[in-house]
$ cat protein.csv   # CSV, C-alpha atoms
chain,number,residue,atom,x,y,z
A,300,MET,CA,47.8,155.9,16.4
A,301,ARG,CA,50.3,155.9,19.3
A,302,ALA,CA,50.5,156.0,23.1
A,303,PHE,CA,51.6,159.3,24.5
A,304,PRO,CA,52.4,160.4,28.1
A,305,VAL,CA,50.4,163.3,29.7
A,306,VAL,CA,51.6,165.2,32.7
A,307,MET,CA,48.9,166.9,34.8
A,308,PRO,CA,49.3,170.3,36.5
A,309,SER,CA,49.7,168.4,39.8
A,310,GLY,CA,52.7,166.5,38.4
A,311,GLN,CA,50.8,163.2,38.1
A,312,LYS,CA,51.2,161.3,34.8
A,313,TYR,CA,49.2,158.9,32.8
A,314,TRP,CA,49.2,157.7,29.2
A,315,THR,CA,46.7,158.5,26.5
A,316,VAL,CA,46.2,157.7,22.8
A,317,LEU,CA,46.8,160.1,19.9
A,318,ASP,CA,45.5,159.6,16.4
A,319,ASP,CA,47.4,160.2,13.1
A,320,ASP,CA,46.7,163.9,13.4
A,321,LEU,CA,48.2,164.0,16.9
A,322,GLU,CA,44.7,164.6,18.4
A,323,VAL,CA,43.6,162.9,21.6
A,324,VAL,CA,41.2,160.0,21.0
A,325,PRO,CA,38.4,161.2,23.4
A,326,VAL,CA,36.9,157.9,24.7
A,327,ALA,CA,40.3,156.3,25.1
A,328,ASP,CA,41.6,159.3,27.0
A,329,ARG,CA,38.6,159.3,29.4
A,330,TRP,CA,39.0,155.6,30.0
A,331,LEU,CA,42.7,155.8,30.7
A,332,ARG,CA,42.3,158.8,33.0
A,333,ASN,CA,39.6,157.0,34.9
A,334,LEU,CA,41.9,154.0,35.3
A,335,ARG,CA,44.8,156.2,36.6
A,336,PHE,CA,42.9,158.5,38.9
A,337,GLY,CA,39.5,157.0,39.5
A,338,ARG,CA,40.7,153.4,40.0
A,339,ASP,CA,44.1,154.2,41.3
A,340,ARG,CA,46.1,152.2,38.7
A,341,ALA,CA,49.8,152.7,38.1
A,342,GLU,CA,51.1,155.0,35.4
A,343,LEU,CA,52.8,152.0,33.8
A,344,THR,CA,49.5,150.2,33.6
A,345,THR,CA,48.0,153.1,31.6
A,346,LYS,CA,51.1,153.0,29.4
A,347,ALA,CA,50.6,149.3,28.6
A,348,TYR,CA,46.8,149.7,28.0
A,349,ALA,CA,47.3,152.8,25.8
A,350,GLY,CA,49.8,150.8,23.7
A,351,GLY,CA,47.3,148.0,23.3
A,352,VAL,CA,44.4,150.4,22.4
A,353,ALA,CA,46.6,152.2,19.9
A,354,LEU,CA,47.2,148.8,18.1
A,355,TYR,CA,43.5,148.1,18.0
A,356,LEU,CA,42.6,151.5,16.6
A,357,ARG,CA,45.4,151.3,14.1
A,358,TRP,CA,44.1,148.0,12.9
A,359,CYS,CA,40.5,149.4,12.6
A,360,GLY,CA,41.8,152.3,10.5
A,361,TRP,CA,43.9,150.2,8.2
A,362,THR,CA,41.1,147.6,7.6
A,363,GLY,CA,38.3,150.2,7.3
A,364,ARG,CA,36.4,149.1,10.4
A,365,GLU,CA,34.6,151.2,13.0
A,366,TRP,CA,36.2,150.6,16.4
A,367,GLU,CA,32.8,150.6,18.1
A,368,THR,CA,31.6,147.5,16.2
A,369,ALA,CA,34.9,145.8,15.3
A,370,GLY,CA,34.6,143.6,18.5
A,371,ARG,CA,32.9,140.9,16.5
A,372,ASP,CA,36.1,140.6,14.4
A,373,LEU,CA,38.6,140.3,17.3
A,374,GLY,CA,39.6,136.9,16.0
A,375,LEU,CA,40.9,138.6,12.8
A,376,PHE,CA,42.6,141.2,15.0
A,377,MET,CA,44.5,138.4,16.8
A,378,VAL,CA,45.8,137.1,13.6
A,379,TRP,CA,46.9,140.6,12.6
A,380,LEU,CA,48.7,141.0,15.9
A,381,LYS,CA,50.5,137.8,15.6
A,382,TYR,CA,52.0,138.4,12.2
A,383,THR,CA,52.0,142.2,11.6
A,384,PRO,CA,55.2,144.0,12.7
A,385,ALA,CA,55.2,147.6,14.0
A,386,PRO,CA,54.9,150.3,11.4
A,387,GLN,CA,57.9,152.1,10.1
A,388,ASN,CA,57.4,155.9,9.8
A,389,GLY,CA,53.6,155.5,9.9
A,390,VAL,CA,53.5,153.3,6.8
A,391,ALA,CA,51.4,150.1,7.1
A,392,PRO,CA,53.7,147.1,7.0
A,393,VAL,CA,53.2,144.1,4.8
A,394,VAL,CA,51.5,141.2,6.6
A,395,ARG,CA,53.3,137.9,5.9
A,396,SER,CA,51.1,135.2,7.4
A,397,GLY,CA,50.6,131.6,6.5
A,398,PRO,CA,52.6,128.4,6.8
A,399,GLY,CA,56.2,129.1,7.8
A,400,ALA,CA,55.6,132.7,8.7
A,401,ALA,CA,57.4,133.8,11.9
A,402,PRO,CA,55.1,135.4,14.5
A,403,VAL,CA,56.1,138.9,15.6
A,404,ARG,CA,54.1,138.7,18.9
A,405,GLY,CA,53.7,135.9,21.3
A,406,GLU,CA,50.6,134.6,23.0
A,407,ARG,CA,51.2,136.5,26.2
A,408,ARG,CA,51.6,139.8,24.5
A,409,ILE,CA,48.5,139.3,22.4
A,410,ASN,CA,46.4,138.5,25.4
A,411,ARG,CA,47.7,141.6,27.2
A,412,VAL,CA,46.6,143.7,24.2
A,413,LEU,CA,43.2,142.0,24.2
A,414,VAL,CA,42.8,142.9,27.9
A,415,ALA,CA,43.2,146.6,27.1
A,416,VAL,CA,40.8,146.4,24.1
A,417,ARG,CA,38.1,144.7,26.2
A,418,GLY,CA,38.5,147.3,28.9
A,419,LEU,CA,38.1,150.1,26.3
A,420,LEU,CA,35.1,148.6,24.7
A,421,SER,CA,33.4,147.8,28.0
A,422,TYR,CA,33.9,151.4,29.1
A,423,ALA,CA,32.6,152.6,25.8
A,424,VAL,CA,29.4,150.6,26.4
A,425,SER,CA,29.0,151.9,29.9
A,426,VAL,CA,29.1,155.5,28.7
A,427,SER,CA,26.9,154.9,25.7
A,428,GLU,CA,29.7,155.4,23.2
A,429,ALA,CA,29.2,151.8,21.8
A,430,PRO,CA,26.1,149.6,21.4
A,431,ARG,CA,25.3,147.3,24.3
A,432,SER,CA,25.3,144.3,21.9
A,433,LEU,CA,29.1,144.7,21.8
A,434,LEU,CA,29.4,143.0,25.2
A,435,GLY,CA,27.9,139.8,23.8
A,436,GLN,CA,30.6,139.7,21.1
A,437,ILE,CA,33.6,139.9,23.4
A,438,TYR,CA,32.3,138.0,26.4
A,439,GLU,CA,30.4,134.8,27.1
A,440,LEU,CA,28.5,133.9,30.2
A,441,ALA,CA,30.3,131.3,32.3
A,442,ASP,CA,29.9,129.9,35.9
A,443,SER,CA,32.4,129.5,38.7
A,444,ARG,CA,32.9,125.7,38.3
A,445,ASP,CA,36.0,126.1,36.1
A,446,LEU,CA,37.7,128.5,38.5
A,447,PRO,CA,40.3,127.5,41.0
A,448,VAL,CA,39.0,126.7,44.5
A,449,GLN,CA,40.7,129.9,45.9
A,450,ALA,CA,38.7,132.1,43.4
A,451,ARG,CA,35.3,130.7,44.1
A,452,GLY,CA,34.5,132.7,47.2
A,453,GLU,CA,34.1,131.8,50.9
A,454,ASP,CA,30.6,130.4,50.6
A,455,GLY,CA,31.6,128.0,47.8
A,456,GLY,CA,28.3,128.7,46.0
A,457,LEU,CA,27.8,128.8,42.2
A,458,PHE,CA,28.0,132.2,40.6
A,459,TYR,CA,28.1,133.5,37.0
A,460,ARG,CA,30.7,135.6,35.4
A,461,LEU,CA,31.7,137.0,32.0
A,462,ARG,CA,34.5,135.1,30.3
A,463,PRO,CA,36.4,136.6,27.4
A,464,VAL,CA,35.6,135.0,24.0
A,465,HIS,CA,38.9,135.8,22.4
A,466,GLN,CA,41.9,134.5,24.3
A,467,LEU,CA,45.0,132.5,23.5
A,468,ARG,CA,46.4,129.7,25.6
A,469,GLU,CA,49.7,130.9,26.9
A,470,PRO,CA,52.7,128.6,27.3
A,471,GLU,CA,53.3,127.8,30.9
A,472,ALA,CA,55.6,130.3,32.3
A,473,GLU,CA,58.7,129.1,34.2
A,474,VAL,CA,58.6,130.4,37.7
A,475,ASP,CA,61.8,130.3,39.6
A,476,ARG,CA,63.6,131.7,42.6
A,477,ALA,CA,67.1,133.1,42.7
A,478,LEU,CA,69.6,130.9,44.4
A,479,ASP,CA,71.5,132.2,47.4
A,480,ALA,CA,74.8,131.6,45.6
A,481,GLU,CA,73.6,133.8,42.7
A,482,LEU,CA,72.7,136.6,45.0
A,483,VAL,CA,76.0,136.4,46.8
A,484,ALA,CA,77.9,136.4,43.5
A,485,MET,CA,75.9,139.5,42.4
A,486,PHE,CA,76.6,141.2,45.8
A,487,GLY,CA,80.3,140.5,45.3
A,488,SER,CA,80.2,142.1,41.8
A,489,CYS,CA,78.9,145.4,43.0
A,490,ARG,CA,81.1,148.4,42.6
A,491,SER,CA,79.4,150.8,45.0
A,492,ALA,CA,77.7,150.7,48.4
A,493,ARG,CA,74.5,151.8,46.8
A,494,ASP,CA,74.4,148.8,44.5
A,495,ARG,CA,75.2,146.5,47.3
A,496,LEU,CA,72.2,147.9,49.3
A,497,ILE,CA,70.0,147.3,46.2
A,498,VAL,CA,70.9,143.7,46.1
A,499,LEU,CA,70.2,143.3,49.8
A,500,LEU,CA,66.8,145.1,49.5
A,501,VAL,CA,65.7,142.6,46.9
A,502,GLY,CA,67.3,139.5,48.4
A,503,ARG,CA,67.0,140.0,52.2
A,504,VAL,CA,64.0,142.4,52.4
A,505,GLY,CA,62.0,141.1,49.5
A,506,LEU,CA,60.8,144.4,48.2
A,507,ARG,CA,59.6,144.9,44.6
A,508,ARG,CA,61.8,147.3,42.6
A,509,GLY,CA,58.9,149.8,42.3
A,510,GLN,CA,58.6,149.8,46.1
A,511,PHE,CA,62.2,150.5,47.1
A,512,ALA,CA,62.7,152.9,44.2
A,513,GLY,CA,59.9,155.0,45.8
A,514,LEU,CA,61.4,154.9,49.3
A,515,ARG,CA,62.2,158.3,50.9
A,516,ARG,CA,64.8,158.8,53.5
A,517,SER,CA,62.0,159.5,56.0
A,518,ASP,CA,60.6,156.0,55.4
A,519,VAL,CA,63.8,154.4,56.8
A,520,HIS,CA,64.0,153.9,60.6
A,521,LEU,CA,67.3,152.2,61.6
A,522,LEU,CA,67.3,152.8,65.4
A,523,PRO,CA,66.2,150.0,67.7
A,524,ASP,CA,63.6,152.3,69.2
A,525,SER,CA,61.9,154.7,66.8
A,526,ARG,CA,59.4,156.2,69.2
A,527,ALA,CA,61.2,159.5,69.1
A,528,LEU,CA,60.2,159.5,65.4
A,529,GLY,CA,56.5,158.8,66.3
A,530,CYS,CA,56.8,155.2,65.3
A,531,ASP,CA,56.0,152.3,67.6
A,532,TYR,CA,57.3,149.5,65.4
A,533,PRO,CA,60.2,147.8,67.1
A,534,GLY,CA,63.7,147.4,65.5
A,535,ALA,CA,65.1,148.6,62.3
A,536,HIS,CA,62.5,148.8,59.4
A,537,VAL,CA,61.3,150.7,56.4
A,538,HIS,CA,57.7,151.9,55.8
A,539,VAL,CA,56.5,151.0,52.3
A,540,ARG,CA,53.9,153.4,51.0
A,541,ARG,CA,52.0,153.9,47.8
A,542,ARG,CA,52.5,157.5,46.6
A,543,GLU,CA,53.1,159.5,43.5
A,544,ASN,CA,56.8,159.6,42.6
A,545,ALA,CA,58.7,161.7,40.1
A,546,ASN,CA,60.7,158.6,38.9
A,547,GLY,CA,57.5,156.5,38.1
A,548,ALA,CA,58.0,154.2,41.1
A,549,TRP,CA,54.8,152.6,42.3
A,550,SER,CA,54.0,150.3,45.2
A,551,LYS,CA,51.7,147.5,44.0
A,552,SER,CA,50.2,147.2,47.5
A,553,ARG,CA,47.5,149.7,48.2
A,554,HIS,CA,48.0,149.6,51.9
A,555,THR,CA,51.1,150.9,53.9
A,556,TRP,CA,53.1,148.2,55.5
A,557,VAL,CA,56.4,147.7,57.4
A,558,ALA,CA,59.4,145.6,56.2
A,559,PRO,CA,61.8,144.7,59.0
A,560,LEU,CA,65.6,144.9,58.4
A,561,ASP,CA,68.3,142.6,59.7
A,562,PHE,CA,71.8,143.6,60.7
A,563,LEU,CA,73.3,143.0,57.3
A,564,VAL,CA,70.9,145.4,55.6
A,565,VAL,CA,71.4,148.0,58.4
A,566,ALA,CA,75.1,147.8,57.9
A,567,ALA,CA,74.6,148.3,54.1
A,568,PHE,CA,72.5,151.4,54.8
A,569,ASP,CA,75.3,152.9,56.9
A,570,LEU,CA,77.8,152.4,54.2
A,571,TYR,CA,75.5,153.8,51.5
A,572,TYR,CA,74.7,156.9,53.6
A,573,GLU,CA,78.5,157.5,54.0
A,574,GLU,CA,79.0,157.1,50.2
A,575,ARG,CA,76.1,159.3,49.4
A,576,HIS,CA,77.3,162.1,51.7
A,577,ARG,CA,80.9,161.8,50.4
A,578,LEU,CA,79.7,162.2,46.7
A,579,LEU,CA,76.7,164.6,47.2
A,580,GLY,CA,77.2,166.3,50.5
A,581,ILE,CA,73.8,167.3,52.0
A,582,GLY,CA,72.4,167.6,48.4
A,583,GLY,CA,70.2,165.3,46.5
A,584,SER,CA,66.5,164.6,46.6
A,585,ASP,CA,64.6,163.1,49.5
A,586,PHE,CA,64.5,159.8,47.7
A,587,LEU,CA,66.5,157.0,49.3
A,588,LEU,CA,68.2,155.7,46.2
A,589,VAL,CA,69.6,158.5,44.0
A,590,ASN,CA,72.0,158.8,41.1
A,591,LEU,CA,75.6,159.0,42.3
A,592,PHE,CA,77.6,158.4,39.1
A,593,ARG,CA,75.5,159.9,36.3
A,594,ALA,CA,73.4,162.9,35.6
A,595,PRO,CA,71.2,164.1,37.1
A,596,LEU,CA,73.3,163.7,40.2
A,597,GLY,CA,71.1,163.3,43.3
A,598,GLY,CA,68.0,162.5,41.2
A,599,PRO,CA,65.9,159.5,42.1
A,600,VAL,CA,66.8,156.2,40.6
A,601,PRO,CA,63.9,154.9,38.3
A,602,PRO,CA,62.7,151.3,38.7
A,603,GLU,CA,63.8,150.5,35.1
A,604,ALA,CA,67.4,151.5,36.1
A,605,ILE,CA,67.3,149.0,38.9
A,606,GLY,CA,66.3,146.2,36.5
A,607,ASP,CA,69.2,147.2,34.2
A,608,LEU,CA,71.6,147.1,37.2
A,609,LEU,CA,70.5,143.6,38.2
A,610,GLU,CA,71.0,142.4,34.6
A,611,ARG,CA,74.5,143.9,34.5
A,612,LEU,CA,75.4,142.3,37.9
A,613,SER,CA,74.2,138.9,36.6
A,614,LYS,CA,76.5,139.2,33.7
A,615,ARG,CA,79.4,140.6,35.7
A,616,ALA,CA,79.0,137.8,38.2
A,617,GLY,CA,79.2,135.2,35.4
A,618,LEU,CA,75.8,133.8,36.1
A,619,GLU,CA,74.2,131.6,33.4
A,620,ARG,CA,70.9,133.5,33.6
A,621,ARG,CA,69.6,136.9,34.4
A,622,VAL,CA,68.4,137.2,38.0
A,623,GLY,CA,65.7,139.8,38.4
A,624,ALA,CA,64.2,141.5,41.4
A,625,HIS,CA,61.1,139.2,41.4
A,626,MET,CA,63.3,136.1,41.5
A,627,ALA,CA,65.1,137.6,44.5
A,628,ARG,CA,61.8,138.3,46.1
A,629,ARG,CA,60.8,134.7,45.7
A,630,ALA,CA,64.2,133.6,47.2
A,631,PHE,CA,63.5,135.8,50.2
A,632,ALA,CA,60.0,134.3,50.8
A,633,SER,CA,61.4,130.8,50.3
A,634,ASN,CA,64.2,131.3,52.8
A,635,VAL,CA,61.8,132.6,55.4
A,636,SER,CA,59.7,129.5,55.0
A,637,ASP,CA,62.8,127.2,55.1
A,638,ALA,CA,63.8,128.9,58.3
A,639,GLY,CA,60.5,128.0,59.9
A,640,GLY,CA,58.4,131.1,59.0
A,641,SER,CA,54.7,130.6,59.1
A,642,GLU,CA,52.2,131.5,56.3
A,643,ASP,CA,51.1,134.7,58.1
A,644,GLU,CA,54.7,135.7,58.7
A,645,VAL,CA,55.6,135.4,55.0
A,646,GLN,CA,52.4,137.2,54.1
A,647,ALA,CA,53.3,140.1,56.4
A,648,LEU,CA,56.9,140.3,55.1
A,649,LEU,CA,55.8,140.4,51.5
A,650,GLY,CA,53.1,143.0,52.1
A,651,HIS,CA,50.3,140.8,50.9
A,652,LYS,CA,46.7,141.1,52.1
A,653,SER,CA,46.0,137.4,51.9
A,654,PRO,CA,48.1,134.3,52.7
A,655,ASP,CA,47.0,132.8,49.4
A,656,SER,CA,48.9,135.5,47.5
A,657,SER,CA,52.2,134.4,49.2
A,658,GLY,CA,51.9,130.8,48.1
A,659,PRO,CA,53.5,131.2,44.6
A,660,TYR,CA,56.5,132.9,46.2
A,661,ARG,CA,57.6,129.9,48.3
A,662,PHE,CA,59.9,127.4,46.7
A,663,PRO,CA,61.1,125.0,49.4
A,664,ASP,CA,64.8,124.1,49.5
A,665,PRO,CA,65.3,120.7,47.8
A,666,GLY,CA,67.3,119.5,50.9
A,667,ARG,CA,64.3,120.3,53.1
A,668,VAL,CA,62.0,118.5,50.8
A,669,ARG,CA,64.3,115.5,50.8
A,670,ALA,CA,64.5,115.5,54.6
A,671,ALA,CA,60.7,115.6,54.8
A,672,VAL,CA,60.5,112.4,52.8
A,673,GLU,CA,63.1,110.7,54.9
A,674,ARG,CA,61.3,111.6,58.1
A,675,VAL,CA,58.4,109.4,57.0
A,676,PRO,CA,58.9,106.1,58.9
A,677,SER,CA,59.0,102.8,56.9
A,678,PRO,CA,56.0,100.5,57.5
A,679,ARG,CA,56.8,97.3,59.4
A,680,LEU,CA,55.4,94.1,57.9
A,681,GLN,CA,53.8,91.9,60.5
A,682,GLN,CA,54.7,88.3,60.3
A,683,PRO,CA,51.9,85.7,60.3
A,684,GLU,CA,51.3,84.2,63.8
A,685,GLY,CA,52.4,80.8,62.6
A,686,ASP,CA,55.8,82.0,61.6
A,687,ARG,CA,56.6,83.7,64.9

$ encode --input "protein.csv" --output "C-alpha cells"
Amino acid sequence: MRAFPVVMPSGQKYWTVLDDDLEVVPVADRWLRNLRFGRDRAELTTKAYAGGVALYLRWCGWTGREWETAGRDLGLFMVWLKYTPAPQNGVAPVVRSGPGAAPVRGERRINRVLVAVRGLLSYAVSVSEAPRSLLGQIYELADSRDLPVQARGEDGGLFYRLRPVHQLREPEAEVDRALDAELVAMFGSCRSARDRLIVLLVGRVGLRRGQFAGLRRSDVHLLPDSRALGCDYPGAHVHVRRRENANGAWSKSRHTWVAPLDFLVVAAFDLYYEERHRLLGIGGSDFLLVNLFRAPLGGPVPPEAIGDLLERLSKRAGLERRVGAHMARRAFASNVSDAGGSEDEVQALLGHKSPDSSGPYRFPDPGRVRAAVERVPSPRLQQPEGDR
C-alpha cells in the first residue's frame, strides 16, 4: 500500500492509494477525489490523507483484518504506528515494542493518521461500503460543554457532537514569532533580489508561502492608482487568490483578498523585476517568483523550495534556530498590533474571515507589555483621620 499522485486531464492533481498490485483502492480513491474536487481541499491535504490511509490498509493486510471492520481495533493500530518503522522494499518490518523501545512516530503524527482513517471509514459508511455500526466504534457522543467558548456558537446553547474515541494527548506545541533582528539578519544574508523579496513578503506582508508562491505578475499592482487596471483598491498591493497552480501552491483562504504593500516591499519588487529581466529577458512563466539560478529557468518556485530557502538563510545568518514562514507571519501580525493596529485591521491583513482566527498570531512586544503594567497607578493608602 502506498500513496500515489494522480494528474487529471485538466492538469489538476490529487493523491490516491495503490495496493500491492499497483491497483487503485476504489473506496479510498473516491473519498480522496471527493475531498480534492468536491470539498475543495488542497492537493497536499490529499497527499497527507492518502499516506495515512495507506498505513491503515497496510496494517490491516499484515494483521489479517478487514479494513471495513478493523475500526474496533484502532487502539492496536495506534500501538503499531508508534513502534513500527516504514517497510523496506515492501517487507514487513519487525515490531520492537515494550519497555525501552524507541517510538518511530510521535503523538502528533499518529493523530494525523487517525484523522485520515476516520475520514475514510466515515465516508465508507455514508456510501454503504462499511456497516453503520462502525461509527459507534470510532466516535462517541459528546456535548459542547468541553469546547472552548469560541467554538460553542453564538447562541451559547448546548449541542451534541461526535468525539473521536482514539486520540493521543499531544505535547503542547511551542508557538513563537520571528524576531525583527532575525528577519533583518536573514535579509542581509540573501544573495539575490528575489530572495530579499521573499523575506519581505513573509516578514512585512505576512503571506503564507503557499499564497505568495501562487502569485502571478497580474496579481501585483504597484502604482498608487490602479484604476487603469480595473482595480479600485488604493495604493500598492497584491491580490491573493485561490487557484490551481502548476507548482502546487495553494491559498488556505477560500476568498480573494488584498494585501497592502509598503515602500520597502515596493522597492524590493522593482529590484527583483530588474534582476529577472536581466537573467530571463521577457521569458519565464506568468508566476511572480520563478527559478533564476537553477533548471527549469523561468519555472515557478514551489512552496517547498521557499521553506528550504528560509532554512538556508537562517543558517547563513548564524541564527540559533530555524525561522520559517509562519513565524515571520506571526511577527508581522504582532508588529501591526504593537503599532496600534486594531483586531479588524490585523484580521484583514492576514486574510482571515474572523477576528478570532487572528488571535494566535499576535505576540505583544515584551517592552509594550512592561509599559502596560507600569501605566497602572499605584493605590494610595488613606491615613486614619486621627493621624492627619

$ atom_distance --input "protein.csv" --atom1 "atom CA of Gly617 of chain A" --atom2 "atom CA of Asp479 of chain A"
14.6 Å

$ atom_distance --input "protein.csv" --atom1 "atom CA of Trp314 of chain A" --atom2 "atom CA of Ile409 of chain A"
19.6 Å

$ closest_residue --input "protein.csv" --among "A:Val316, A:Leu434, A:Leu413, A:Ala484" --to "Lys614 of chain A" --atoms "all atoms listed in the file"
A:Ala484

$ residues_near_point --input "protein.csv" --point "(55.8, 137.3, 56.4)" --cutoff "12 Å" --atoms "all atoms listed in the file" --output "PyMOL selection string"
chain A and resi 504-506+556-559+628+631-636+638-654+656-658+660-661

$ residues_near_point --input "protein.csv" --point "(46.2, 155.4, 25.6)" --cutoff "7 Å" --atoms "all atoms listed in the file" --output "PyMOL selection string"
chain A and resi 302-303+314-316+327-328+331+345-346+348-350+352-353

$ closest_residue --input "protein.csv" --among "A:Arg495, A:Arg542, A:Arg329, A:Arg340" --to "Tyr422 of chain A" --atoms "all atoms listed in the file"
A:Arg329

$ atom_distance --input "protein.csv" --atom1 "atom CA of Leu419 of chain A" --atom2 "atom CA of Glu469 of chain A"
22.4 Å

$ residues_around --input "protein.csv" --residues "Arg508 of chain A" --least-positions-apart "5" --cutoff "10 Å" --atoms "only C-alpha atoms" --output "PyMOL selection string"
chain A and resi 497+500-501+513+548-550+601-606+623-625+628

$ closest_residue --input "protein.csv" --among "A:Arg515, A:Arg468, A:Arg408, A:Arg490" --to "Arg615 of chain A" --atoms "all atoms listed in the file"
A:Arg490

$ residues_around --input "protein.csv" --residues "segment 335-339 of chain A" --least-positions-apart "2" --cutoff "9 Å" --atoms "all atoms listed in the file" --output "PyMOL selection string"
chain A and resi 312-314+330-333+341-342+344-345+553

$ closest_residue --input "protein.csv" --among "A:Pro304, A:Gly597, A:Gly374, A:Gly509" --to "Gly580 of chain A" --atoms "all atoms listed in the file"
A:Gly597

$ residues_around --input "protein.csv" --residues "Glu406 of chain A" --least-positions-apart "5" --cutoff "12 Å" --atoms "all atoms listed in the file" --output "list of chain:residue names"
A:Met377, A:Val378, A:Leu380, A:Lys381, A:Tyr382, A:Arg411, A:Val412, A:Leu413, A:His465, A:Gln466, A:Leu467, A:Arg468, A:Glu469, A:Pro470, A:Glu471, A:Ala472

$ closest_residue --input "protein.csv" --among "A:Asn544, A:Ser517, A:Gln311, A:Ser488" --to "Ala616 of chain A" --atoms "all atoms listed in the file"
A:Ser488

$ closest_residue --input "protein.csv" --among "A:Leu596, A:Leu496, A:Leu478, A:Met307" --to "Leu579 of chain A" --atoms "all atoms listed in the file"
A:Leu596

$ residues_around --input "protein.csv" --residues "Val589 of chain A" --least-positions-apart "2" --cutoff "7 Å" --atoms "all atoms listed in the file" --output "list in words"
Phe586, Leu587, Leu591, Gly597, Gly598, Pro599 and Val600 of chain A
